[in-house]
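The file input_5.txt contains compact mmCIF, C-alpha atoms and all ligand atoms:
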```
# COMPACT_ATOMS: atom_id res chain seq x y z
CA MET A 1 -149.23 56.55 -126.33
CA ASP A 2 -148.19 59.89 -124.87
CA TRP A 3 -145.54 60.54 -122.24
CA GLY A 4 -147.92 60.98 -119.32
CA MET A 5 -149.74 57.74 -120.06
CA LYS A 6 -146.47 55.82 -120.41
CA ASN A 7 -145.12 57.37 -117.23
CA ARG A 8 -148.19 56.40 -115.23
CA ILE A 9 -148.12 52.83 -116.56
CA SER A 10 -144.42 52.45 -115.77
CA ARG A 11 -145.01 53.62 -112.19
CA MET A 12 -147.38 50.66 -111.83
CA ILE A 13 -145.89 47.92 -114.06
CA LYS A 14 -142.27 47.98 -112.93
CA PRO A 15 -139.91 48.40 -115.91
CA ASP A 16 -137.21 46.21 -114.28
CA SER A 17 -139.33 43.07 -114.26
CA GLY A 18 -142.15 44.11 -116.57
CA HIS A 19 -144.53 42.95 -113.86
CA ILE A 20 -146.86 44.28 -111.19
CA VAL A 21 -148.23 43.31 -107.80
CA MET A 22 -151.35 45.40 -107.36
CA LEU A 23 -153.20 45.14 -104.06
CA ALA A 24 -157.00 45.29 -104.45
CA VAL A 25 -158.82 46.71 -101.45
CA ASP A 26 -161.87 48.20 -103.18
CA HIS A 27 -164.27 45.38 -102.25
CA GLY A 28 -166.30 47.60 -99.90
CA TYR A 29 -167.81 49.59 -102.76
CA PHE A 30 -170.30 46.79 -103.41
CA GLN A 31 -169.99 44.51 -100.40
CA GLY A 32 -169.49 46.86 -97.46
CA PRO A 33 -167.14 45.86 -94.63
CA THR A 34 -165.44 42.84 -96.18
CA THR A 35 -163.63 40.34 -93.95
CA GLY A 36 -160.08 41.59 -93.56
CA LEU A 37 -160.97 45.19 -94.46
CA ARG A 38 -163.30 46.04 -91.57
CA ASN A 39 -160.46 47.88 -89.93
CA PHE A 40 -159.04 49.18 -93.18
CA ASN A 41 -155.89 50.86 -91.89
CA GLU A 42 -154.93 47.99 -89.62
CA THR A 43 -154.85 45.72 -92.68
CA VAL A 44 -153.69 48.02 -95.46
CA ASP A 45 -150.98 50.14 -93.78
CA PRO A 46 -148.47 47.29 -93.29
CA LEU A 47 -149.12 46.01 -96.84
CA LEU A 48 -148.76 49.32 -98.63
CA PRO A 49 -144.94 49.35 -98.81
CA TYR A 50 -145.05 46.01 -100.68
CA ALA A 51 -147.74 47.00 -103.20
CA ASP A 52 -146.67 48.30 -106.62
CA THR A 53 -150.12 49.88 -106.86
CA LEU A 54 -153.15 50.14 -104.59
CA MET A 55 -156.60 49.62 -106.10
CA VAL A 56 -158.99 51.57 -103.94
CA THR A 57 -162.16 53.68 -103.90
CA ARG A 58 -162.20 57.45 -103.62
CA GLY A 59 -163.73 57.47 -100.14
CA MET A 60 -161.16 55.12 -98.61
CA LEU A 61 -158.35 56.92 -100.40
CA ARG A 62 -159.40 60.28 -98.98
CA ASN A 63 -160.16 59.02 -95.49
CA CYS A 64 -157.61 56.29 -94.89
CA ILE A 65 -154.55 56.66 -97.12
CA ASP A 66 -151.75 59.06 -96.18
CA PRO A 67 -151.39 61.53 -99.07
CA THR A 68 -147.59 61.38 -98.70
CA THR A 69 -147.61 57.77 -99.91
CA SER A 70 -145.44 56.99 -102.91
CA THR A 71 -147.58 53.97 -103.87
CA PRO A 72 -149.39 54.63 -107.17
CA ILE A 73 -153.17 54.60 -106.93
CA MET A 74 -155.57 52.76 -109.24
CA LEU A 75 -158.84 54.49 -108.47
CA ARG A 76 -162.14 52.66 -108.83
CA VAL A 77 -164.53 54.96 -110.63
CA SER A 78 -167.54 52.68 -111.11
CA ALA A 79 -170.30 51.86 -108.65
CA GLY A 80 -174.07 51.90 -108.31
CA THR A 81 -174.99 48.40 -107.17
CA SER A 82 -174.43 46.23 -104.12
CA VAL A 83 -174.40 42.55 -103.25
CA LEU A 84 -178.05 43.00 -102.29
CA THR A 85 -179.18 43.72 -105.86
CA GLU A 86 -178.18 43.15 -109.50
CA LEU A 87 -174.41 43.58 -109.53
CA SER A 88 -174.01 44.41 -113.18
CA ASN A 89 -175.86 47.74 -113.36
CA GLU A 90 -172.90 49.96 -112.64
CA GLY A 91 -172.36 53.53 -113.76
CA LEU A 92 -169.42 55.91 -113.47
CA SER A 93 -169.13 57.28 -109.94
CA VAL A 94 -166.12 59.62 -110.08
CA ASP A 95 -165.48 62.31 -112.67
CA ILE A 96 -162.12 62.63 -114.37
CA GLU A 97 -161.32 65.98 -112.72
CA ASP A 98 -161.62 64.42 -109.30
CA ALA A 99 -159.40 61.51 -110.36
CA ILE A 100 -156.79 64.02 -111.55
CA ARG A 101 -157.15 66.00 -108.28
CA HIS A 102 -156.23 62.78 -106.45
CA ASN A 103 -153.14 62.41 -108.66
CA VAL A 104 -154.01 58.82 -109.54
CA ALA A 105 -151.88 56.56 -111.72
CA GLY A 106 -154.89 54.82 -113.25
CA ILE A 107 -158.66 54.58 -113.21
CA THR A 108 -160.69 51.39 -113.23
CA LEU A 109 -164.25 50.22 -113.78
CA SER A 110 -166.02 46.89 -114.06
CA ILE A 111 -167.59 45.64 -117.26
CA PHE A 112 -170.28 42.98 -117.21
CA VAL A 113 -170.17 41.17 -120.53
CA GLY A 114 -173.22 38.92 -120.84
CA GLY A 115 -174.99 40.55 -117.88
CA PRO A 116 -177.95 42.96 -117.80
CA GLY A 117 -175.50 45.85 -117.45
CA GLU A 118 -173.46 44.87 -120.50
CA ARG A 119 -174.39 47.78 -122.77
CA GLU A 120 -174.08 50.50 -120.16
CA THR A 121 -170.81 49.24 -118.68
CA LEU A 122 -169.19 48.79 -122.10
CA LEU A 123 -170.25 52.26 -123.21
CA ASN A 124 -168.93 53.60 -119.92
CA LEU A 125 -165.60 51.94 -120.66
CA GLY A 126 -165.53 53.76 -124.01
CA LYS A 127 -166.26 57.10 -122.34
CA LEU A 128 -163.66 56.51 -119.66
CA VAL A 129 -161.00 55.56 -122.20
CA SER A 130 -161.68 58.78 -124.13
CA MET A 131 -161.34 60.79 -120.90
CA GLY A 132 -158.24 58.86 -119.88
CA ASN A 133 -156.65 59.41 -123.28
CA LYS A 134 -157.35 63.12 -123.04
CA TYR A 135 -155.43 63.45 -119.76
CA GLY A 136 -152.89 60.62 -120.07
CA ILE A 137 -154.54 58.38 -117.47
CA PRO A 138 -154.65 54.63 -118.19
CA VAL A 139 -157.92 52.75 -117.78
CA MET A 140 -158.09 49.22 -116.40
CA ALA A 141 -161.24 47.23 -117.22
CA VAL A 142 -162.25 44.64 -114.63
CA THR A 143 -164.04 41.67 -116.17
CA ALA A 144 -166.31 38.96 -114.93
CA VAL A 145 -167.07 39.92 -111.36
CA GLY A 146 -170.24 38.26 -110.09
CA ARG A 147 -171.42 34.85 -109.10
CA GLU A 148 -173.28 34.02 -112.30
CA MET A 149 -170.40 34.80 -114.67
CA GLY A 150 -168.47 31.95 -116.30
CA ARG A 151 -164.78 31.63 -115.65
CA ASP A 152 -163.49 29.69 -118.67
CA ALA A 153 -161.01 30.78 -121.34
CA ARG A 154 -163.75 31.28 -123.91
CA TYR A 155 -165.70 33.69 -121.75
CA LEU A 156 -162.74 35.44 -120.14
CA GLY A 157 -161.02 35.74 -123.53
CA LEU A 158 -164.18 37.28 -124.96
CA CYS A 159 -164.46 39.82 -122.11
CA SER A 160 -160.77 40.70 -122.15
CA ARG A 161 -160.65 41.14 -125.91
CA ILE A 162 -163.78 43.30 -125.92
CA ALA A 163 -162.22 45.49 -123.21
CA ALA A 164 -159.04 45.88 -125.25
CA GLU A 165 -161.00 46.57 -128.46
CA ILE A 166 -162.90 49.38 -126.75
CA GLY A 167 -159.57 50.83 -125.69
CA ALA A 168 -158.76 49.64 -122.15
CA HIS A 169 -155.06 50.10 -121.43
CA MET A 170 -155.01 47.22 -118.94
CA VAL A 171 -157.38 44.34 -118.22
CA LYS A 172 -158.07 42.56 -114.96
CA THR A 173 -159.60 39.12 -115.25
CA TYR A 174 -159.55 35.70 -113.61
CA PHE A 175 -157.08 32.89 -114.10
CA CYS A 176 -158.49 29.82 -115.87
CA ASP A 177 -157.43 26.70 -117.77
CA ASP A 178 -155.83 27.63 -121.09
CA PHE A 179 -155.15 31.13 -119.76
CA LYS A 180 -152.47 31.56 -122.41
CA SER A 181 -155.20 31.87 -125.03
CA VAL A 182 -156.74 34.75 -123.07
CA ILE A 183 -153.38 36.51 -122.96
CA GLN A 184 -152.65 35.84 -126.64
CA ALA A 185 -155.94 37.41 -127.71
CA THR A 186 -155.56 40.50 -125.48
CA PRO A 187 -153.00 43.02 -126.76
CA VAL A 188 -152.70 44.99 -123.49
CA PRO A 189 -151.25 44.02 -120.09
CA VAL A 190 -153.47 41.56 -118.22
CA VAL A 191 -153.49 41.10 -114.44
CA ILE A 192 -155.36 38.40 -112.56
CA ALA A 193 -157.70 38.84 -109.62
CA GLY A 194 -157.16 36.36 -106.82
CA GLY A 195 -160.83 35.55 -106.33
CA LYS A 196 -162.15 33.87 -103.20
CA LYS A 197 -159.63 32.99 -100.51
CA ILE A 198 -157.86 29.70 -101.23
CA PRO A 199 -154.92 28.11 -99.37
CA GLU A 200 -151.79 30.26 -99.61
CA ALA A 201 -149.81 27.56 -101.48
CA ASP A 202 -152.56 27.37 -104.13
CA ALA A 203 -152.75 31.15 -104.55
CA LEU A 204 -148.98 31.23 -105.13
CA LYS A 205 -149.31 28.42 -107.70
CA MET A 206 -152.04 30.38 -109.47
CA ALA A 207 -149.92 33.55 -109.56
CA ALA A 208 -146.94 31.62 -110.96
CA ALA A 209 -149.07 29.92 -113.60
CA ALA A 210 -150.52 33.27 -114.69
CA ILE A 211 -147.03 34.76 -115.04
CA ASP A 212 -145.94 31.68 -117.02
CA CYS A 213 -148.83 32.29 -119.41
CA GLY A 214 -147.72 35.89 -119.96
CA ALA A 215 -149.78 37.85 -117.44
CA ALA A 216 -148.34 41.23 -116.40
CA GLY A 217 -149.00 40.33 -112.80
CA VAL A 218 -151.69 40.15 -110.17
CA ASP A 219 -154.29 42.47 -108.75
CA MET A 220 -154.95 40.38 -105.66
CA GLY A 221 -157.16 41.18 -102.73
CA ARG A 222 -158.60 38.48 -100.50
CA ASN A 223 -155.78 36.00 -101.09
CA ILE A 224 -153.44 38.57 -99.61
CA PHE A 225 -155.39 40.44 -96.95
CA GLN A 226 -157.30 37.36 -95.72
CA ALA A 227 -154.12 35.24 -95.56
CA GLU A 228 -153.04 34.06 -92.13
CA SER A 229 -150.09 36.45 -92.47
CA PRO A 230 -150.94 39.12 -95.09
CA VAL A 231 -147.51 40.80 -94.96
CA ALA A 232 -145.74 37.46 -95.48
CA MET A 233 -148.14 36.61 -98.29
CA ILE A 234 -147.64 39.79 -100.27
CA GLN A 235 -143.87 39.29 -100.08
CA ALA A 236 -144.20 35.71 -101.32
CA VAL A 237 -146.45 36.88 -104.17
CA ARG A 238 -143.83 39.51 -105.07
CA ALA A 239 -141.14 36.83 -105.23
CA VAL A 240 -143.24 34.85 -107.72
CA VAL A 241 -144.27 37.84 -109.84
CA HIS A 242 -141.06 39.86 -109.92
CA LYS A 243 -138.35 37.24 -109.41
CA GLY A 244 -139.93 34.22 -111.07
CA GLU A 245 -139.61 32.27 -107.80
CA SER A 246 -141.21 28.81 -107.89
CA PRO A 247 -144.49 28.50 -105.96
CA ASP A 248 -142.90 25.90 -103.63
CA LYS A 249 -139.99 28.17 -102.77
CA ALA A 250 -142.34 31.13 -102.39
CA PHE A 251 -144.52 29.09 -100.02
CA GLU A 252 -141.43 28.24 -97.94
CA MET A 253 -140.63 31.93 -97.89
CA TYR A 254 -144.20 32.66 -96.76
CA ASN A 255 -143.90 30.20 -93.89
CA ASP A 256 -140.51 31.56 -92.82
CA LEU A 257 -141.73 35.16 -92.85
CA LYS A 258 -144.91 34.17 -91.01
CA ALA A 259 -142.88 32.36 -88.34
CA SER A 260 -140.43 35.22 -87.89
CA ALA A 261 -143.28 37.72 -87.48
CA SER A 262 -144.96 35.74 -84.66
C1 LIG A 301 -164.14 43.62 -107.64
O1 LIG A 301 -164.85 44.20 -108.41
C2 LIG A 301 -162.98 44.27 -107.11
O2 LIG A 301 -162.27 44.98 -108.06
C3 LIG A 301 -162.10 43.42 -106.34
O3 LIG A 301 -161.17 44.24 -105.76
C4 LIG A 301 -161.35 42.41 -107.10
O4 LIG A 301 -161.90 41.91 -108.24
C5 LIG A 301 -160.88 41.42 -106.29
O5 LIG A 301 -159.81 41.06 -105.79
P1 LIG A 301 -159.80 39.56 -105.24
O6 LIG A 301 -160.73 38.73 -106.08
O7 LIG A 301 -158.38 39.17 -105.44
O8 LIG A 301 -160.23 39.63 -103.80
```

Can you present the structure in this file as structure tokens?
Amino acid sequence: MDWGMKNRISRMIKPDSGHIVMLAVDHGYFQGPTTGLRNFNETVDPLLPYADTLMVTRGMLRNCIDPTTSTPIMLRVSAGTSVLTELSNEGLSVDIEDAIRHNVAGITLSIFVGGPGERETLLNLGKLVSMGNKYGIPVMAVTAVGREMGRDARYLGLCSRIAAEIGAHMVKTYFCDDFKSVIQATPVPVVIAGGKKIPEADALKMAAAAIDCGAAGVDMGRNIFQAESPVAMIQAVRAVVHKGESPDKAFEMYNDLKASAS
């Protein structure tokens, strides 16, 4: 791995802890104005200082994120479908020159293993990895988005391993029972999506369990920005991911921060 690639990865996955709290706010690219992100800046601005990386689309980056930010950007470069149609038929939506122009730390696309868009999205991953390798930009493959996709270790392990085999530098997937087997079979850093909003205490337990299994961290969206207190939640998630805080202690911290903010 060359210097530029390593440098970009270490801006995202913090060398001190070896972990990352990425904040995912790219949901609008297929589902429009998602709850919690309707007023994008109102939600994202207070969270940005606590995010090790922001996962975002090109349009929201250009229009809503201050270019003086020091938060590394993971740019979503796939699109082409919406919640109204077949989600898996995505193509590449941003060229590598434009990603470089935006000085991003990483580029990301979804792959749909087992879906109608399997072939195209996997070949797109291959193309993106080749482009990323050329310019020292890591590629994160996002697996298993979509209602019909399974969420067990067999399926998620299959998707994550395929992504790594094609050359992804990072993989984003979902937490599941026997998650350790997913991590063991995937020789690149793995981060978990949060998925649908669940109670804050449960989301903290899930983050802690993922770290225990060897995940590099989280790339969480709705379980942070739809929390009752998003700024308290991201700090509690950080405590779990970077400091190995127990979920119970982190939940206490969440409640204390929430109370002191109100
Ligand atoms: C989906 O394709 C997007 O990348 C989402 O940003 C992501 O998977 C979700 O984050 P969460 O499930 O934690 O809301």

Query raised in the report: Using only C-alpha atoms and all ligand atoms, what are the residues with an atom within 6 Å of ligand LIG 301 (chain A), set out as a PyMOL selection string?
Result: chain A and resi 24-27+145+193-196+220-223

**Report entry** Sphere at (-139.2, 44.1, -110.1), radius 7 Å, counting all atoms listed in the file: residues as a VMD selection string
**Finding:** chain A and resid 14 16 to 17 19 242 to 243

Query raised in the report: Can you find the residues with an atom no farther than 12 Å from (-144.0, 33.4, -99.6), counting all atoms listed in the file, and report them as number ranges by chain?
Result: A: 200-205, 207-208, 224, 227-241, 243, 245-259

Requested in this report: Choose the residue, out of A:Ile137, A:Cys64, A:Val190, A:Cys176, that has the smallest atom-to-atom separation from Met1 in chain A; count only C-alpha atoms.
Outcome: A:Ile137

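Counting from CA of Pro46 in chain A, the distance to CA of Ile65 in chain A is 11.8 Å.
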
Report task. For each of A:Ala163, A:Ala153, A:Asp95, A:Met22, take the minimum atom-to-atom distance to Met131 in chain A, counting only C-alpha atoms, then give the residue where this is smallest. Result ->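 The shortest atom-to-atom distance to Met131 in chain A comes from A:Asp95.
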
Report summary line: For Thr85 in chain A, the closest of A:Gln31, A:Asp177, A:Ile13, A:Ala99 counting all atoms listed in the file is A:Gln31

Query raised in the report: Near Ala164 in chain A, within 7 Å and counting all atoms listed in the file, which residues show up once chain neighbours fewer than 6 positions away are dropped, as a ChimeraX atom specification?
Result: /A:186-188

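Each of A:Arg161, A:Arg58, A:His169, A:Lys6 was checked against Gly28 in chain A using only C-alpha atoms; the smallest atom-to-atom distance is that of A:Arg58.
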
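The space separating CA of Thr43 in chain A from CA of Ile73 in chain A comes to 16.9 Å.
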
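In terms of minimum interatomic distance to Cys213 in chain A, A:Val182 ranks closest within A:Val182, A:Val94, A:Leu23, A:Leu128, counting all atoms listed in the file.
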
Please complete range 80-104 of chain A so it has N, CA, C and O atoms, and hand it over as a CSV table (one decimal), keeping the file's coordinate frame.
```
chain,number,residue,atom,x,y,z
A,80,GLY,N,-172.6,51.7,-108.0
A,80,GLY,CA,-174.1,51.9,-108.3
A,80,GLY,C,-174.9,50.7,-107.9
A,80,GLY,O,-176.1,50.7,-108.0
A,81,THR,N,-174.2,49.6,-107.6
A,81,THR,CA,-175.0,48.4,-107.2
A,81,THR,C,-174.3,47.8,-105.9
A,81,THR,O,-173.2,48.1,-105.6
A,82,SER,N,-175.0,46.9,-105.3
A,82,SER,CA,-174.4,46.2,-104.1
A,82,SER,C,-174.7,44.7,-104.2
A,82,SER,O,-175.5,44.3,-105.1
A,83,VAL,N,-174.1,44.0,-103.3
A,83,VAL,CA,-174.4,42.6,-103.2
A,83,VAL,C,-175.9,42.2,-103.0
A,83,VAL,O,-176.3,41.1,-103.2
A,84,LEU,N,-176.6,43.2,-102.6
A,84,LEU,CA,-178.0,43.0,-102.3
A,84,LEU,C,-178.9,43.1,-103.5
A,84,LEU,O,-180.1,42.7,-103.5
A,85,THR,N,-178.4,43.6,-104.7
A,85,THR,CA,-179.2,43.7,-105.9
A,85,THR,C,-178.5,43.1,-107.1
A,85,THR,O,-177.7,42.2,-106.9
A,86,GLU,N,-178.8,43.6,-108.3
A,86,GLU,CA,-178.2,43.2,-109.5
A,86,GLU,C,-176.8,43.8,-109.7
A,86,GLU,O,-176.7,45.0,-109.9
A,87,LEU,N,-175.8,43.0,-109.6
A,87,LEU,CA,-174.4,43.6,-109.5
A,87,LEU,C,-174.0,44.3,-110.8
A,87,LEU,O,-173.1,45.1,-110.8
A,88,SER,N,-174.6,44.0,-111.9
A,88,SER,CA,-174.0,44.4,-113.2
A,88,SER,C,-174.4,45.8,-113.6
A,88,SER,O,-173.9,46.3,-114.6
A,89,ASN,N,-175.4,46.4,-112.9
A,89,ASN,CA,-175.9,47.7,-113.4
A,89,ASN,C,-175.0,48.9,-112.8
A,89,ASN,O,-175.6,49.8,-112.2
A,90,GLU,N,-173.8,48.9,-113.2
A,90,GLU,CA,-172.9,50.0,-112.6
A,90,GLU,C,-172.8,51.1,-113.6
A,90,GLU,O,-172.9,51.0,-114.8
A,91,GLY,N,-172.6,52.3,-113.0
A,91,GLY,CA,-172.4,53.5,-113.8
A,91,GLY,C,-171.0,54.1,-113.3
A,91,GLY,O,-170.3,53.5,-112.4
A,92,LEU,N,-170.7,55.2,-113.9
A,92,LEU,CA,-169.4,55.9,-113.5
A,92,LEU,C,-169.7,56.7,-112.2
A,92,LEU,O,-170.7,57.5,-112.2
A,93,SER,N,-168.8,56.6,-111.2
A,93,SER,CA,-169.1,57.3,-109.9
A,93,SER,C,-168.1,58.4,-109.6
A,93,SER,O,-168.3,59.0,-108.5
A,94,VAL,N,-167.1,58.6,-110.4
A,94,VAL,CA,-166.1,59.6,-110.1
A,94,VAL,C,-165.8,60.3,-111.4
A,94,VAL,O,-165.6,59.7,-112.4
A,95,ASP,N,-165.8,61.7,-111.4
A,95,ASP,CA,-165.5,62.3,-112.7
A,95,ASP,C,-164.0,62.4,-112.8
A,95,ASP,O,-163.2,62.3,-111.9
A,96,ILE,N,-163.6,62.7,-114.1
A,96,ILE,CA,-162.1,62.6,-114.4
A,96,ILE,C,-161.4,63.7,-113.6
A,96,ILE,O,-160.2,63.5,-113.2
A,97,GLU,N,-162.0,64.9,-113.4
A,97,GLU,CA,-161.3,66.0,-112.7
A,97,GLU,C,-161.0,65.5,-111.3
A,97,GLU,O,-159.9,65.9,-110.8
A,98,ASP,N,-161.9,64.8,-110.7
A,98,ASP,CA,-161.6,64.4,-109.3
A,98,ASP,C,-160.5,63.4,-109.3
A,98,ASP,O,-159.7,63.3,-108.3
A,99,ALA,N,-160.5,62.5,-110.3
A,99,ALA,CA,-159.4,61.5,-110.4
A,99,ALA,C,-158.1,62.2,-110.5
A,99,ALA,O,-157.1,61.9,-109.8
A,100,ILE,N,-158.0,63.3,-111.4
A,100,ILE,CA,-156.8,64.0,-111.6
A,100,ILE,C,-156.4,64.7,-110.2
A,100,ILE,O,-155.2,64.7,-109.8
A,101,ARG,N,-157.4,65.3,-109.6
A,101,ARG,CA,-157.2,66.0,-108.3
A,101,ARG,C,-156.5,65.0,-107.3
A,101,ARG,O,-155.7,65.5,-106.4
A,102,HIS,N,-156.8,63.8,-107.4
A,102,HIS,CA,-156.2,62.8,-106.4
A,102,HIS,C,-154.9,62.2,-107.0
A,102,HIS,O,-154.3,61.3,-106.4
A,103,ASN,N,-154.5,62.8,-108.1
A,103,ASN,CA,-153.1,62.4,-108.7
A,103,ASN,C,-153.0,60.9,-108.9
A,103,ASN,O,-151.9,60.3,-108.6
A,104,VAL,N,-154.0,60.3,-109.4
A,104,VAL,CA,-154.0,58.8,-109.5
A,104,VAL,C,-153.2,58.4,-110.7
A,104,VAL,O,-153.0,59.1,-111.7
```
